[in-house]
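Peer 1: Once you've had a glance at the structure underneath, I'll fire off some questions.
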Amino acid sequence: MKILVPHTIALDLSASGETVATYQVDQPIPDEHTDAEVLVVWQNTADNLRDAAQRLGNLKLVQTLAAGPDSVLAAGFAENVAITSGRSLHDGPVAEHALALVLAAVRRLDVLVESQKAATWNRDYNVAQSSPDTEQLYTLDGAKVTIWGFGSIAGRLAPLLAALGAKVTGVANSVGERYGFPVVATSELPEVLKTTDVLVSILPATPETESSLNAEVLNALPRTAVFVNVGRGATVDEDALLTALRNGSLRAAALDVTKVEPLPADSDLWSAPNLIITPHVAGNRPKGSSALVLSNLAALKEGRELTNLVAG
């Protein structure tokens with residue numbers, strides 16, 4: 001069995017006993033490697049994935065190390081090719097970054113950074129965050145946090161928020177309790193949003209979730225609410241978000257992902273008021289990648305169920 005691994009990450013697959021070859025994720029697959037049966041994907045270009053889908057005729061498994069497999073699913077691999085995701089590999093780093101963005105937006109660190117740049121001791125901020133009338137806006141203690149997309153990343157994030165005093169509710173397709181937190185159905189979201197202080201989206205990019213964070217959702221939030229997206233940029237109606245930020249119907253927002261990446265220099269998002277932007281850096285440190293690939297290689301050879309199977 002030949003396994004192709006990307007040049008963008010160091011993997012130790014020696015324990016598999018199989019042939020391992022490295023390929024460039026932004027170039028066509030070399031002719032001598034089109035006989036590969038396993039393709040590991042990390043930070044590949046769309047052209048590279050389409051090339052692999054067309055020319056790797058012996059392929060049995062595509063293992064992406066990304067939590068979201070949307071780019072692989074869109075590449076056109078044959079239906080008999082198993083596709084597995086990197087779900088769980090990014091839980092810790094994404095949860096950390098999500099927490100950082102939530103705190104930065106709630107505490108309005110963006111305002112303080114601007115004051116620092118202007119060499120200004122921001123007394124107005126100090127008055128606002130300590131005033132009995134507004135102090136609840138500047139803390140997670142007692143805040144109602146709604147996490148839309150309550151998977152394994154949310155399972156890491158929710159306890160961190162709760163440790164700071166937040167009351168966390170999850171929103172997903174199935175209801176019940178996950179990781180010790182209540183989860184309501186997506187149909188109940190409009191009612192939940194009415195009392196949400198912080199809305200965190202960890203939604204994947206699917207046809208069903210495209211632009212789900214639209215004007216209707218944003219307008220359902222209190223004007224004092226904060227919105228944070230560490231899921232996928234495709235899930236947000238960016239025009240609706242810009243409108244909400246400009247007219248003050250949303251207190252602040254923080255985005256780690258956008259519809260177009262890298263975000264073009266002429267995008268209106270850069271100059272939007274009360275918006276924090278980070279360049280899709282939440283989850284670029286997959287943890288335990290080698291172990292996941294080795295586990296799925298063994299399962300493939302033994303005919304067992306693959307971990308994180310999403311297609312095929």
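Every chain in the structure tokens takes a letter, A first, then B, and so on in the order presented; its residues are numbered from 1, and the ligands are numbered from 1 following the presented order.
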Fewer than 6 positions away in the same chain doesn't count, so skip those; otherwise give me all residues within 8 Å of Leu157 of chain A, counting only C-alpha atoms, as a PyMOL selection string.

Peer 2: chain A and resi 95-96+98-99

Peer 1: For the residues selected in the previous step, produce a file with C-alpha atoms as a PDB file, in the first residue's frame.

Peer 2:
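Result written to result23.pdb:
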```pdb
ATOM      1  CA  ALA A  95     -11.414  26.049  21.822  1.00  0.00           C
ATOM      2  CA  GLU A  96      -8.504  28.167  23.069  1.00  0.00           C
ATOM      3  CA  ALA A  98     -12.600  30.773  20.511  1.00  0.00           C
ATOM      4  CA  LEU A  99     -12.240  31.593  24.197  1.00  0.00           C
TER       5      LEU A  99
END
```

Peer 1: Within 7 Å of segment 178-181 of chain A, counting only C-alpha atoms, which residues qualify if same-chain residues fewer than 5 places away don't, as a PDB file with N, CA, C and O atoms, in the first residue's frame?

Peer 2:
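And here's result_29.pdb as it stands now:
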```pdb
ATOM      1  N   GLY A 155     -17.374  20.788  22.979  1.00  0.00           N
ATOM      2  CA  GLY A 155     -17.169  20.013  24.196  1.00  0.00           C
ATOM      3  C   GLY A 155     -15.949  20.445  24.979  1.00  0.00           C
ATOM      4  O   GLY A 155     -15.894  20.284  26.212  1.00  0.00           O
ATOM      5  N   VAL A 168     -24.007  28.085  29.569  1.00  0.00           N
ATOM      6  CA  VAL A 168     -23.831  27.645  28.190  1.00  0.00           C
ATOM      7  C   VAL A 168     -24.991  26.777  27.726  1.00  0.00           C
ATOM      8  O   VAL A 168     -25.389  25.832  28.420  1.00  0.00           O
ATOM      9  N   THR A 169     -25.509  27.092  26.539  1.00  0.00           N
ATOM     10  CA  THR A 169     -26.522  26.274  25.880  1.00  0.00           C
ATOM     11  C   THR A 169     -26.033  25.938  24.480  1.00  0.00           C
ATOM     12  O   THR A 169     -25.534  26.805  23.765  1.00  0.00           O
TER      13      THR A 169
END
```

Peer 1: Using DSSP on the backbone, list every residue of segment 18-260 of chain A that comes out as strand (DSSP E), and give them as a ChimeraX atom specification.

Peer 2: /A:19-23,38-41,61-64,82-84,144-148,167-172,176-178,181-185,198-201,226-229,252-255

Peer 1: As a ChimeraX atom specification, list the residues of segment 30-212 of chain A assigned to alpha helix (DSSP H) by DSSP on the backbone atoms of this structure.

Peer 2: /A:46-55,70-73,91-106,109-117,123-130,152-163,189-193

Peer 1: Using only C-alpha atoms, determine which residues lie at most 7 Å from Ala254 of chain A, disregarding the query and same-chain residues fewer than 2 positions distant; provide the list as a PyMOL selection string.

Peer 2: chain A and resi 101+105+227-229+256+275-277

Peer 1: Write the residues of the preceding selection, restricted to N, CA, C and O atoms, as a PDB file, in the first residue's frame.

Peer 2:
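Output (out.pdb):
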```pdb
ATOM      1  N   LEU A 101     -11.181  34.932  21.559  1.00  0.00           N
ATOM      2  CA  LEU A 101     -11.999  35.879  20.803  1.00  0.00           C
ATOM      3  C   LEU A 101     -13.221  36.318  21.598  1.00  0.00           C
ATOM      4  O   LEU A 101     -13.613  37.491  21.551  1.00  0.00           O
ATOM      5  N   ALA A 105     -13.774  40.157  22.621  1.00  0.00           N
ATOM      6  CA  ALA A 105     -14.950  40.898  22.178  1.00  0.00           C
ATOM      7  C   ALA A 105     -15.786  41.384  23.358  1.00  0.00           C
ATOM      8  O   ALA A 105     -16.268  42.521  23.357  1.00  0.00           O
ATOM      9  N   PHE A 227     -21.061  38.376  18.741  1.00  0.00           N
ATOM     10  CA  PHE A 227     -21.050  37.204  17.858  1.00  0.00           C
ATOM     11  C   PHE A 227     -19.611  36.811  17.540  1.00  0.00           C
ATOM     12  O   PHE A 227     -18.787  37.664  17.199  1.00  0.00           O
ATOM     13  N   VAL A 228     -19.318  35.507  17.644  1.00  0.00           N
ATOM     14  CA  VAL A 228     -17.979  34.990  17.365  1.00  0.00           C
ATOM     15  C   VAL A 228     -18.106  33.792  16.422  1.00  0.00           C
ATOM     16  O   VAL A 228     -18.922  32.892  16.654  1.00  0.00           O
ATOM     17  N   ASN A 229     -17.295  33.769  15.352  1.00  0.00           N
ATOM     18  CA  ASN A 229     -17.314  32.643  14.416  1.00  0.00           C
ATOM     19  C   ASN A 229     -15.943  31.994  14.313  1.00  0.00           C
ATOM     20  O   ASN A 229     -14.979  32.623  13.872  1.00  0.00           O
ATOM     21  N   ASP A 256     -12.755  34.465  12.897  1.00  0.00           N
ATOM     22  CA  ASP A 256     -11.492  33.828  12.529  1.00  0.00           C
ATOM     23  C   ASP A 256     -11.562  33.310  11.096  1.00  0.00           C
ATOM     24  O   ASP A 256     -10.543  32.904  10.542  1.00  0.00           O
ATOM     25  N   LEU A 275     -15.381  45.193  15.119  1.00  0.00           N
ATOM     26  CA  LEU A 275     -15.117  43.862  14.590  1.00  0.00           C
ATOM     27  C   LEU A 275     -13.651  43.484  14.768  1.00  0.00           C
ATOM     28  O   LEU A 275     -12.756  44.249  14.423  1.00  0.00           O
ATOM     29  N   ILE A 276     -13.429  42.295  15.311  1.00  0.00           N
ATOM     30  CA  ILE A 276     -12.082  41.728  15.450  1.00  0.00           C
ATOM     31  C   ILE A 276     -11.925  40.646  14.397  1.00  0.00           C
ATOM     32  O   ILE A 276     -12.796  39.786  14.242  1.00  0.00           O
ATOM     33  N   ILE A 277     -10.826  40.674  13.660  1.00  0.00           N
ATOM     34  CA  ILE A 277     -10.565  39.666  12.619  1.00  0.00           C
ATOM     35  C   ILE A 277      -9.221  38.998  12.882  1.00  0.00           C
ATOM     36  O   ILE A 277      -8.208  39.671  13.081  1.00  0.00           O
TER      37      ILE A 277
END
```

Peer 1: Write out as a ChimeraX atom specification which residues come within 6 Å of segment 212-215 of chain A when counting only C-alpha atoms, dropping same-chain ones fewer than 5 positions away.

Peer 2: /A:235-237,240

Peer 1: Would you mind exporting N, CA and C atoms of the selected residues as a PDB file, in the first residue's frame?

Peer 2:
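This went into out.pdb:
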```pdb
ATOM      1  N   THR A 235     -20.738  30.121   6.428  1.00  0.00           N
ATOM      2  CA  THR A 235     -21.973  30.074   7.218  1.00  0.00           C
ATOM      3  C   THR A 235     -22.507  31.458   7.567  1.00  0.00           C
ATOM      4  N   VAL A 236     -21.759  32.513   7.255  1.00  0.00           N
ATOM      5  CA  VAL A 236     -22.149  33.868   7.657  1.00  0.00           C
ATOM      6  C   VAL A 236     -22.522  34.717   6.444  1.00  0.00           C
ATOM      7  N   ASP A 237     -23.672  35.374   6.535  1.00  0.00           N
ATOM      8  CA  ASP A 237     -24.050  36.397   5.554  1.00  0.00           C
ATOM      9  C   ASP A 237     -23.283  37.658   5.939  1.00  0.00           C
ATOM     10  N   ALA A 240     -25.086  41.035   5.960  1.00  0.00           N
ATOM     11  CA  ALA A 240     -25.972  41.199   7.111  1.00  0.00           C
ATOM     12  C   ALA A 240     -25.164  41.533   8.361  1.00  0.00           C
TER      13      ALA A 240
END
```

Peer 1: Residues at most 9 Å from Tyr23 of chain A, counting only C-alpha atoms, excluding those fewer than 3 positions away in the same chain, as a list of chain:residue names?

Peer 2: A:Leu4, A:Val5, A:Pro6, A:His7, A:Asp26, A:Gln27, A:Pro28, A:Ile29, A:Pro30, A:His33

Peer 1: Go ahead and write the selection's residues with N, CA and C atoms as a JSON list (two decimals), in the first residue's frame.

Peer 2:
```
[["chain", "number", "residue", "atom", "x", "y", "z"],
["A", 4, "LEU", "N", 0.32, 8.64, 0.41],
["A", 4, "LEU", "CA", 0.84, 9.96, 0.08],
["A", 4, "LEU", "C", 0.55, 10.91, 1.24],
["A", 5, "VAL", "N", 1.60, 11.56, 1.73],
["A", 5, "VAL", "CA", 1.45, 12.51, 2.84],
["A", 5, "VAL", "C", 1.87, 13.90, 2.36],
["A", 6, "PRO", "N", 1.19, 14.96, 2.84],
["A", 6, "PRO", "CA", 1.49, 16.31, 2.37],
["A", 6, "PRO", "C", 2.78, 16.86, 2.96],
["A", 7, "HIS", "N", 3.39, 17.77, 2.23],
["A", 7, "HIS", "CA", 4.64, 18.38, 2.71],
["A", 7, "HIS", "C", 4.39, 19.40, 3.81],
["A", 26, "ASP", "N", 0.32, 22.01, -3.43],
["A", 26, "ASP", "CA", -0.07, 23.02, -4.41],
["A", 26, "ASP", "C", 0.37, 22.67, -5.82],
["A", 27, "GLN", "N", 0.71, 21.39, -6.04],
["A", 27, "GLN", "CA", 1.16, 20.92, -7.34],
["A", 27, "GLN", "C", 0.39, 19.66, -7.73],
["A", 28, "PRO", "N", 0.31, 19.34, -9.02],
["A", 28, "PRO", "CA", -0.32, 18.08, -9.42],
["A", 28, "PRO", "C", 0.42, 16.89, -8.81],
["A", 29, "ILE", "N", -0.28, 15.81, -8.56],
["A", 29, "ILE", "CA", 0.35, 14.60, -8.03],
["A", 29, "ILE", "C", 1.33, 14.05, -9.07],
["A", 30, "PRO", "N", 2.58, 13.78, -8.70],
["A", 30, "PRO", "CA", 3.55, 13.24, -9.66],
["A", 30, "PRO", "C", 3.06, 11.91, -10.25],
["A", 33, "HIS", "N", 3.30, 8.58, -8.51],
["A", 33, "HIS", "CA", 2.53, 8.34, -7.29],
["A", 33, "HIS", "C", 1.03, 8.21, -7.54]]
```

Peer 1: For Phe150 of chain A, please output as a list in words all residues within 9 Å (counting only C-alpha atoms; exclusion window: fewer than 4 positions along the same chain).

Peer 2: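 Skipping anything fewer than 4 positions along the chain leaves Ala154, Gly155, Gly170, Val171, Ala172, Arg178, Val183, Ser201, Ile202 and Leu203 of chain A.
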
Peer 1: Give me the residues within 12 Å of segment 54-56 of chain A as an MDAnalysis selection string, counting only C-alpha atoms and dropping any in the same chain fewer than 4 places off.

Peer 2: chainID A and resid 2:4 28:39 47:50 60:62 75:78 81
